[in-house]
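Let me begin by presenting the structure, written as structure tokens, before commenting on it.
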Amino acid sequence: MDFILMSEGDTPVGLTHEHRYRELIEEVLLAEQVGFDAFGSSEQHVAIGTATVSAPEVLYPYLMALTSRIRFIHLVTLLPTRMNHALRVAERIATEDILSNGRVELGTGRGNTTLALRAFEVDPTENKAQWREGIELIRRAFLEDPFSFVGEHYKVPPRSLVPKPLQAPYPPISVATGSPSSVETAASLGIGAIMGGFYLGYDLVANMLKLYDETLAATTHPYPITPRKMVLVSGGMHCAETTALAREQARPLFEMSKLSTDAFGRLAKLSQDYAYMGAVKDVDFDDEEYLFERSQGFVVGDPEHCIEHVQRYADMGVEALVLRVDSLPHDQLMRSIELFGKYVIPRFKHPRNVVRPAEDVLAGIRAARPAHEEALRRFQSEGKIVEAVR
């Protein structure tokens, strides 16, 4: 499983965006040091009281120059035509791929706030079709030379993409998914799916993962596929020395969750394509036990408790976990990243290299003694070497 640190540069009242961005840079550098596989941020425009990263395509190259191993994934680039022309996205991703030496991935989406969609005059009944054409245009630009495209929203004559990306066949592509139909669309296109449960529980995510696998296997893919099953922990990850401390420190994340999901209800009323978002109205954001343990929106606790949460995803077959680490004081975020990287990630990346408690080792030694003693007796009686039973 890959572990993706996500931050949207949430800036508290009284702090400047400049200061928060400097903190964010420190958090990403620490994430690389302690073993996170990738960093990602969403593209949020004119947001109020939450995300501040509106130009990840500018932030990422700065971070790429300061790092050497960690990958960068756009979570997500918005593909309504009034926000980002798909050909410009292809050019930017190719440039980032060169600058990072092949460490960039393209997550895509169509927007999830009325603030942004109305600011850019995006019709919520059309942006899904615009996203679909954008994906097609980007893949053609990466694969074909020359490429062209004719559709309802894009009409591009034969051209050659400059520059070309490094990764072959192209940087991995994925899409944010929240409904069964969007999961099916991702799988049918052969691209990765970034799945979120809208705080509605683990069973919803498990069903989405199964649907993705079934659809991917049942579909013929004309383009090279970049399948990847990613799950977004949208409420947040917070790791502390004790679970009680982690919960106490993480409670402010509930307000961020309420703020972000408030937009979902409004979108659900604007277009049938967003109707599935209306289900979030049934979530009780005052039920702390549900939110922390059963909502699928949070991974909060001491390292051992975080391991239990992550194991649930591993058992589902999740290939990458997107962990939002944001909306708390910088020192708490840094400590959370450090603890998660030191104690949680190795349990899934390098389990044989994790030091076990002495009592567990001794218990294993004691359990193996009878077989060893039996092998010794057989050796002595038969006069030859007998392999011990493991």
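Ligands are numbered from 1 in the order shown, chains are lettered A, B, ... in the order of the structure tokens, and residues start at 1 in each chain.
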Item checked: Contact residues around A:Lys258 with only C-alpha atoms at 12 Å, ignoring same-chain residues under 4 positions, as a ChimeraX atom specification -> /A:49-50,198-199,234-235,251-254,262-265,280-281,283-286,291,297
Check: Can you list, as a list in words, every residue of stretch 133-214 of chain A that DSSP puts in strand (DSSP E or B)?
Finding: Phe147, Ser148, Phe149, Val150, Lys155, Val156, Pro157, Pro158, Arg159, Ile173, Ser174, Val175, Ala176, Thr177, Ile191, Gly192, Ala193, Ile194, Met195 and Gly196 of chain A
What parts of stretch 69-229 of chain A does DSSP call alpha helix (DSSP H)? I'd like the answer as a PDB file with N, CA and C atoms, in the first residue's frame.
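File part-v8.pdb, as written:
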```pdb
ATOM      1  N   ALA A  86      -7.986  21.348 -21.168  1.00  0.00           N
ATOM      2  CA  ALA A  86      -7.324  20.050 -21.043  1.00  0.00           C
ATOM      3  C   ALA A  86      -5.949  20.035 -21.699  1.00  0.00           C
ATOM      4  N   LEU A  87      -5.782  20.762 -22.796  1.00  0.00           N
ATOM      5  CA  LEU A  87      -4.472  20.792 -23.443  1.00  0.00           C
ATOM      6  C   LEU A  87      -3.443  21.493 -22.565  1.00  0.00           C
ATOM      7  N   ARG A  88      -3.851  22.536 -21.861  1.00  0.00           N
ATOM      8  CA  ARG A  88      -2.943  23.203 -20.917  1.00  0.00           C
ATOM      9  C   ARG A  88      -2.578  22.263 -19.772  1.00  0.00           C
ATOM     10  N   VAL A  89      -3.528  21.447 -19.340  1.00  0.00           N
ATOM     11  CA  VAL A  89      -3.234  20.474 -18.285  1.00  0.00           C
ATOM     12  C   VAL A  89      -2.180  19.485 -18.773  1.00  0.00           C
ATOM     13  N   ALA A  90      -2.324  18.993 -19.991  1.00  0.00           N
ATOM     14  CA  ALA A  90      -1.340  18.055 -20.545  1.00  0.00           C
ATOM     15  C   ALA A  90       0.043  18.691 -20.596  1.00  0.00           C
ATOM     16  N   GLU A  91       0.114  19.954 -21.004  1.00  0.00           N
ATOM     17  CA  GLU A  91       1.407  20.643 -21.058  1.00  0.00           C
ATOM     18  C   GLU A  91       2.023  20.783 -19.669  1.00  0.00           C
ATOM     19  N   ARG A  92       1.214  21.158 -18.688  1.00  0.00           N
ATOM     20  CA  ARG A  92       1.725  21.357 -17.329  1.00  0.00           C
ATOM     21  C   ARG A  92       2.194  20.044 -16.716  1.00  0.00           C
ATOM     22  N   ILE A  93       1.410  18.982 -16.892  1.00  0.00           N
ATOM     23  CA  ILE A  93       1.793  17.689 -16.325  1.00  0.00           C
ATOM     24  C   ILE A  93       3.086  17.192 -16.973  1.00  0.00           C
ATOM     25  N   ALA A  94       3.214  17.358 -18.269  1.00  0.00           N
ATOM     26  CA  ALA A  94       4.451  16.947 -18.942  1.00  0.00           C
ATOM     27  C   ALA A  94       5.647  17.728 -18.405  1.00  0.00           C
ATOM     28  N   THR A  95       5.457  19.024 -18.172  1.00  0.00           N
ATOM     29  CA  THR A  95       6.538  19.847 -17.635  1.00  0.00           C
ATOM     30  C   THR A  95       6.901  19.401 -16.223  1.00  0.00           C
ATOM     31  N   GLU A  96       5.892  19.166 -15.385  1.00  0.00           N
ATOM     32  CA  GLU A  96       6.152  18.688 -14.020  1.00  0.00           C
ATOM     33  C   GLU A  96       6.822  17.320 -14.034  1.00  0.00           C
ATOM     34  N   ASP A  97       6.449  16.491 -14.984  1.00  0.00           N
ATOM     35  CA  ASP A  97       7.052  15.162 -15.073  1.00  0.00           C
ATOM     36  C   ASP A  97       8.553  15.273 -15.350  1.00  0.00           C
ATOM     37  N   ILE A  98       8.916  16.212 -16.196  1.00  0.00           N
ATOM     38  CA  ILE A  98      10.335  16.446 -16.490  1.00  0.00           C
ATOM     39  C   ILE A  98      11.048  16.999 -15.263  1.00  0.00           C
ATOM     40  N   LEU A  99      10.468  18.026 -14.649  1.00  0.00           N
ATOM     41  CA  LEU A  99      11.122  18.682 -13.511  1.00  0.00           C
ATOM     42  C   LEU A  99      11.282  17.748 -12.316  1.00  0.00           C
ATOM     43  N   THR A 114     -20.014  25.018  -4.867  1.00  0.00           N
ATOM     44  CA  THR A 114     -20.721  26.025  -5.659  1.00  0.00           C
ATOM     45  C   THR A 114     -19.937  27.332  -5.704  1.00  0.00           C
ATOM     46  N   LEU A 115     -19.146  27.601  -4.673  1.00  0.00           N
ATOM     47  CA  LEU A 115     -18.318  28.812  -4.682  1.00  0.00           C
ATOM     48  C   LEU A 115     -17.440  28.861  -5.919  1.00  0.00           C
ATOM     49  N   ALA A 116     -16.737  27.758  -6.204  1.00  0.00           N
ATOM     50  CA  ALA A 116     -15.818  27.722  -7.337  1.00  0.00           C
ATOM     51  C   ALA A 116     -16.565  27.630  -8.661  1.00  0.00           C
ATOM     52  N   LEU A 117     -17.564  26.760  -8.727  1.00  0.00           N
ATOM     53  CA  LEU A 117     -18.260  26.570  -9.997  1.00  0.00           C
ATOM     54  C   LEU A 117     -18.937  27.863 -10.459  1.00  0.00           C
ATOM     55  N   ARG A 118     -19.552  28.581  -9.527  1.00  0.00           N
ATOM     56  CA  ARG A 118     -20.220  29.828  -9.916  1.00  0.00           C
ATOM     57  C   ARG A 118     -19.218  30.933 -10.224  1.00  0.00           C
ATOM     58  N   ALA A 119     -18.092  30.940  -9.503  1.00  0.00           N
ATOM     59  CA  ALA A 119     -17.072  31.969  -9.771  1.00  0.00           C
ATOM     60  C   ALA A 119     -16.522  31.844 -11.184  1.00  0.00           C
ATOM     61  N   ASN A 127     -20.434  19.939 -16.663  1.00  0.00           N
ATOM     62  CA  ASN A 127     -19.014  19.743 -16.366  1.00  0.00           C
ATOM     63  C   ASN A 127     -18.594  18.273 -16.368  1.00  0.00           C
ATOM     64  N   LYS A 128     -19.524  17.344 -16.193  1.00  0.00           N
ATOM     65  CA  LYS A 128     -19.155  15.936 -16.271  1.00  0.00           C
ATOM     66  C   LYS A 128     -18.759  15.567 -17.698  1.00  0.00           C
ATOM     67  N   ALA A 129     -19.512  16.048 -18.667  1.00  0.00           N
ATOM     68  CA  ALA A 129     -19.176  15.799 -20.068  1.00  0.00           C
ATOM     69  C   ALA A 129     -17.864  16.487 -20.442  1.00  0.00           C
ATOM     70  N   GLN A 130     -17.634  17.677 -19.876  1.00  0.00           N
ATOM     71  CA  GLN A 130     -16.380  18.378 -20.141  1.00  0.00           C
ATOM     72  C   GLN A 130     -15.193  17.607 -19.560  1.00  0.00           C
ATOM     73  N   TRP A 131     -15.378  17.060 -18.362  1.00  0.00           N
ATOM     74  CA  TRP A 131     -14.316  16.235 -17.772  1.00  0.00           C
ATOM     75  C   TRP A 131     -14.023  15.034 -18.658  1.00  0.00           C
ATOM     76  N   ARG A 132     -15.083  14.374 -19.140  1.00  0.00           N
ATOM     77  CA  ARG A 132     -14.896  13.159 -19.954  1.00  0.00           C
ATOM     78  C   ARG A 132     -14.117  13.472 -21.227  1.00  0.00           C
ATOM     79  N   GLU A 133     -14.463  14.561 -21.914  1.00  0.00           N
ATOM     80  CA  GLU A 133     -13.721  14.935 -23.118  1.00  0.00           C
ATOM     81  C   GLU A 133     -12.299  15.344 -22.771  1.00  0.00           C
ATOM     82  N   GLY A 134     -12.129  15.999 -21.614  1.00  0.00           N
ATOM     83  CA  GLY A 134     -10.792  16.413 -21.206  1.00  0.00           C
ATOM     84  C   GLY A 134      -9.859  15.236 -21.012  1.00  0.00           C
ATOM     85  N   ILE A 135     -10.351  14.165 -20.388  1.00  0.00           N
ATOM     86  CA  ILE A 135      -9.543  12.956 -20.205  1.00  0.00           C
ATOM     87  C   ILE A 135      -9.110  12.394 -21.554  1.00  0.00           C
ATOM     88  N   GLU A 136     -10.058  12.338 -22.498  1.00  0.00           N
ATOM     89  CA  GLU A 136      -9.753  11.808 -23.827  1.00  0.00           C
ATOM     90  C   GLU A 136      -8.693  12.660 -24.523  1.00  0.00           C
ATOM     91  N   LEU A 137      -8.839  13.975 -24.450  1.00  0.00           N
ATOM     92  CA  LEU A 137      -7.889  14.871 -25.101  1.00  0.00           C
ATOM     93  C   LEU A 137      -6.507  14.741 -24.483  1.00  0.00           C
ATOM     94  N   ILE A 138      -6.428  14.683 -23.169  1.00  0.00           N
ATOM     95  CA  ILE A 138      -5.125  14.567 -22.490  1.00  0.00           C
ATOM     96  C   ILE A 138      -4.427  13.274 -22.890  1.00  0.00           C
ATOM     97  N   ARG A 139      -5.141  12.171 -22.917  1.00  0.00           N
ATOM     98  CA  ARG A 139      -4.504  10.905 -23.282  1.00  0.00           C
ATOM     99  C   ARG A 139      -4.052  10.906 -24.736  1.00  0.00           C
ATOM    100  N   ARG A 140      -4.837  11.482 -25.607  1.00  0.00           N
ATOM    101  CA  ARG A 140      -4.400  11.574 -27.001  1.00  0.00           C
ATOM    102  C   ARG A 140      -3.144  12.431 -27.118  1.00  0.00           C
ATOM    103  N   ALA A 141      -3.107  13.545 -26.395  1.00  0.00           N
ATOM    104  CA  ALA A 141      -1.937  14.426 -26.449  1.00  0.00           C
ATOM    105  C   ALA A 141      -0.683  13.707 -25.958  1.00  0.00           C
ATOM    106  N   PHE A 142      -0.836  12.860 -24.932  1.00  0.00           N
ATOM    107  CA  PHE A 142       0.305  12.113 -24.407  1.00  0.00           C
ATOM    108  C   PHE A 142       0.750  10.991 -25.344  1.00  0.00           C
ATOM    109  N   LEU A 143      -0.192  10.346 -26.025  1.00  0.00           N
ATOM    110  CA  LEU A 143       0.110   9.117 -26.748  1.00  0.00           C
ATOM    111  C   LEU A 143       0.349   9.311 -28.240  1.00  0.00           C
ATOM    112  N   PRO A 180     -21.356   5.105  -7.255  1.00  0.00           N
ATOM    113  CA  PRO A 180     -21.090   3.883  -8.024  1.00  0.00           C
ATOM    114  C   PRO A 180     -20.900   4.155  -9.514  1.00  0.00           C
ATOM    115  N   SER A 181     -21.681   5.064 -10.075  1.00  0.00           N
ATOM    116  CA  SER A 181     -21.554   5.338 -11.514  1.00  0.00           C
ATOM    117  C   SER A 181     -20.201   5.938 -11.855  1.00  0.00           C
ATOM    118  N   SER A 182     -19.669   6.815 -10.980  1.00  0.00           N
ATOM    119  CA  SER A 182     -18.362   7.407 -11.259  1.00  0.00           C
ATOM    120  C   SER A 182     -17.238   6.385 -11.092  1.00  0.00           C
ATOM    121  N   VAL A 183     -17.408   5.433 -10.160  1.00  0.00           N
ATOM    122  CA  VAL A 183     -16.440   4.349 -10.015  1.00  0.00           C
ATOM    123  C   VAL A 183     -16.439   3.495 -11.277  1.00  0.00           C
ATOM    124  N   GLU A 184     -17.620   3.179 -11.791  1.00  0.00           N
ATOM    125  CA  GLU A 184     -17.718   2.398 -13.033  1.00  0.00           C
ATOM    126  C   GLU A 184     -17.078   3.142 -14.194  1.00  0.00           C
ATOM    127  N   THR A 185     -17.275   4.451 -14.247  1.00  0.00           N
ATOM    128  CA  THR A 185     -16.681   5.236 -15.322  1.00  0.00           C
ATOM    129  C   THR A 185     -15.161   5.174 -15.267  1.00  0.00           C
ATOM    130  N   ALA A 186     -14.593   5.348 -14.077  1.00  0.00           N
ATOM    131  CA  ALA A 186     -13.137   5.281 -13.924  1.00  0.00           C
ATOM    132  C   ALA A 186     -12.597   3.940 -14.386  1.00  0.00           C
ATOM    133  N   ALA A 187     -13.230   2.860 -13.928  1.00  0.00           N
ATOM    134  CA  ALA A 187     -12.751   1.526 -14.284  1.00  0.00           C
ATOM    135  C   ALA A 187     -12.901   1.262 -15.777  1.00  0.00           C
ATOM    136  N   SER A 188     -14.015   1.705 -16.368  1.00  0.00           N
ATOM    137  CA  SER A 188     -14.229   1.470 -17.798  1.00  0.00           C
ATOM    138  C   SER A 188     -13.215   2.234 -18.644  1.00  0.00           C
ATOM    139  N   LEU A 189     -12.741   3.369 -18.139  1.00  0.00           N
ATOM    140  CA  LEU A 189     -11.718   4.142 -18.843  1.00  0.00           C
ATOM    141  C   LEU A 189     -10.311   3.615 -18.581  1.00  0.00           C
ATOM    142  N   TYR A 202     -17.432   2.150   6.188  1.00  0.00           N
ATOM    143  CA  TYR A 202     -16.481   1.320   5.451  1.00  0.00           C
ATOM    144  C   TYR A 202     -17.159   0.439   4.404  1.00  0.00           C
ATOM    145  N   ASP A 203     -18.388   0.020   4.656  1.00  0.00           N
ATOM    146  CA  ASP A 203     -19.048  -0.881   3.715  1.00  0.00           C
ATOM    147  C   ASP A 203     -19.224  -0.222   2.349  1.00  0.00           C
ATOM    148  N   LEU A 204     -19.519   1.067   2.339  1.00  0.00           N
ATOM    149  CA  LEU A 204     -19.679   1.780   1.070  1.00  0.00           C
ATOM    150  C   LEU A 204     -18.388   1.731   0.272  1.00  0.00           C
ATOM    151  N   VAL A 205     -17.267   1.978   0.928  1.00  0.00           N
ATOM    152  CA  VAL A 205     -15.975   1.955   0.241  1.00  0.00           C
ATOM    153  C   VAL A 205     -15.657   0.547  -0.256  1.00  0.00           C
ATOM    154  N   ALA A 206     -15.918  -0.457   0.565  1.00  0.00           N
ATOM    155  CA  ALA A 206     -15.660  -1.839   0.159  1.00  0.00           C
ATOM    156  C   ALA A 206     -16.471  -2.201  -1.086  1.00  0.00           C
ATOM    157  N   ASN A 207     -17.719  -1.760  -1.142  1.00  0.00           N
ATOM    158  CA  ASN A 207     -18.550  -2.031  -2.318  1.00  0.00           C
ATOM    159  C   ASN A 207     -18.019  -1.314  -3.554  1.00  0.00           C
ATOM    160  N   MET A 208     -17.525  -0.098  -3.368  1.00  0.00           N
ATOM    161  CA  MET A 208     -16.944   0.639  -4.490  1.00  0.00           C
ATOM    162  C   MET A 208     -15.707  -0.077  -5.032  1.00  0.00           C
ATOM    163  N   LEU A 209     -14.866  -0.565  -4.136  1.00  0.00           N
ATOM    164  CA  LEU A 209     -13.659  -1.273  -4.555  1.00  0.00           C
ATOM    165  C   LEU A 209     -14.015  -2.523  -5.358  1.00  0.00           C
ATOM    166  N   LYS A 210     -15.007  -3.255  -4.897  1.00  0.00           N
ATOM    167  CA  LYS A 210     -15.440  -4.452  -5.611  1.00  0.00           C
ATOM    168  C   LYS A 210     -15.992  -4.092  -6.984  1.00  0.00           C
ATOM    169  N   LEU A 211     -16.795  -3.049  -7.040  1.00  0.00           N
ATOM    170  CA  LEU A 211     -17.372  -2.603  -8.308  1.00  0.00           C
ATOM    171  C   LEU A 211     -16.278  -2.186  -9.284  1.00  0.00           C
ATOM    172  N   TYR A 212     -15.257  -1.509  -8.778  1.00  0.00           N
ATOM    173  CA  TYR A 212     -14.150  -1.081  -9.635  1.00  0.00           C
ATOM    174  C   TYR A 212     -13.454  -2.294 -10.248  1.00  0.00           C
ATOM    175  N   ASP A 213     -13.118  -3.274  -9.426  1.00  0.00           N
ATOM    176  CA  ASP A 213     -12.421  -4.468  -9.916  1.00  0.00           C
ATOM    177  C   ASP A 213     -13.251  -5.206 -10.961  1.00  0.00           C
ATOM    178  N   GLU A 214     -14.547  -5.361 -10.695  1.00  0.00           N
ATOM    179  CA  GLU A 214     -15.415  -6.089 -11.619  1.00  0.00           C
ATOM    180  C   GLU A 214     -15.543  -5.354 -12.952  1.00  0.00           C
ATOM    181  N   THR A 215     -15.696  -4.036 -12.900  1.00  0.00           N
ATOM    182  CA  THR A 215     -15.863  -3.263 -14.131  1.00  0.00           C
ATOM    183  C   THR A 215     -14.570  -3.231 -14.925  1.00  0.00           C
ATOM    184  N   LEU A 216     -13.434  -3.069 -14.235  1.00  0.00           N
ATOM    185  CA  LEU A 216     -12.140  -3.035 -14.918  1.00  0.00           C
ATOM    186  C   LEU A 216     -11.905  -4.332 -15.678  1.00  0.00           C
ATOM    187  N   ALA A 217     -12.216  -5.454 -15.046  1.00  0.00           N
ATOM    188  CA  ALA A 217     -11.977  -6.758 -15.663  1.00  0.00           C
ATOM    189  C   ALA A 217     -12.921  -7.019 -16.828  1.00  0.00           C
ATOM    190  N   ALA A 218     -14.095  -6.415 -16.805  1.00  0.00           N
ATOM    191  CA  ALA A 218     -15.112  -6.707 -17.816  1.00  0.00           C
ATOM    192  C   ALA A 218     -15.053  -5.762 -19.009  1.00  0.00           C
TER     193      ALA A 218
END
```
Next item on the list: Using only C-alpha atoms, determine which residues lie at most 7 Å from A:Asp10, disregarding the query and same-chain residues fewer than 4 positions distant; provide the list as a count of residues only.
Entry: 5
Next item on the list: Record the distance separating atom CA of A:Arg294 and atom CA of A:Gly236, expressed in Å with one decimal.
Entry: 13.5 Å
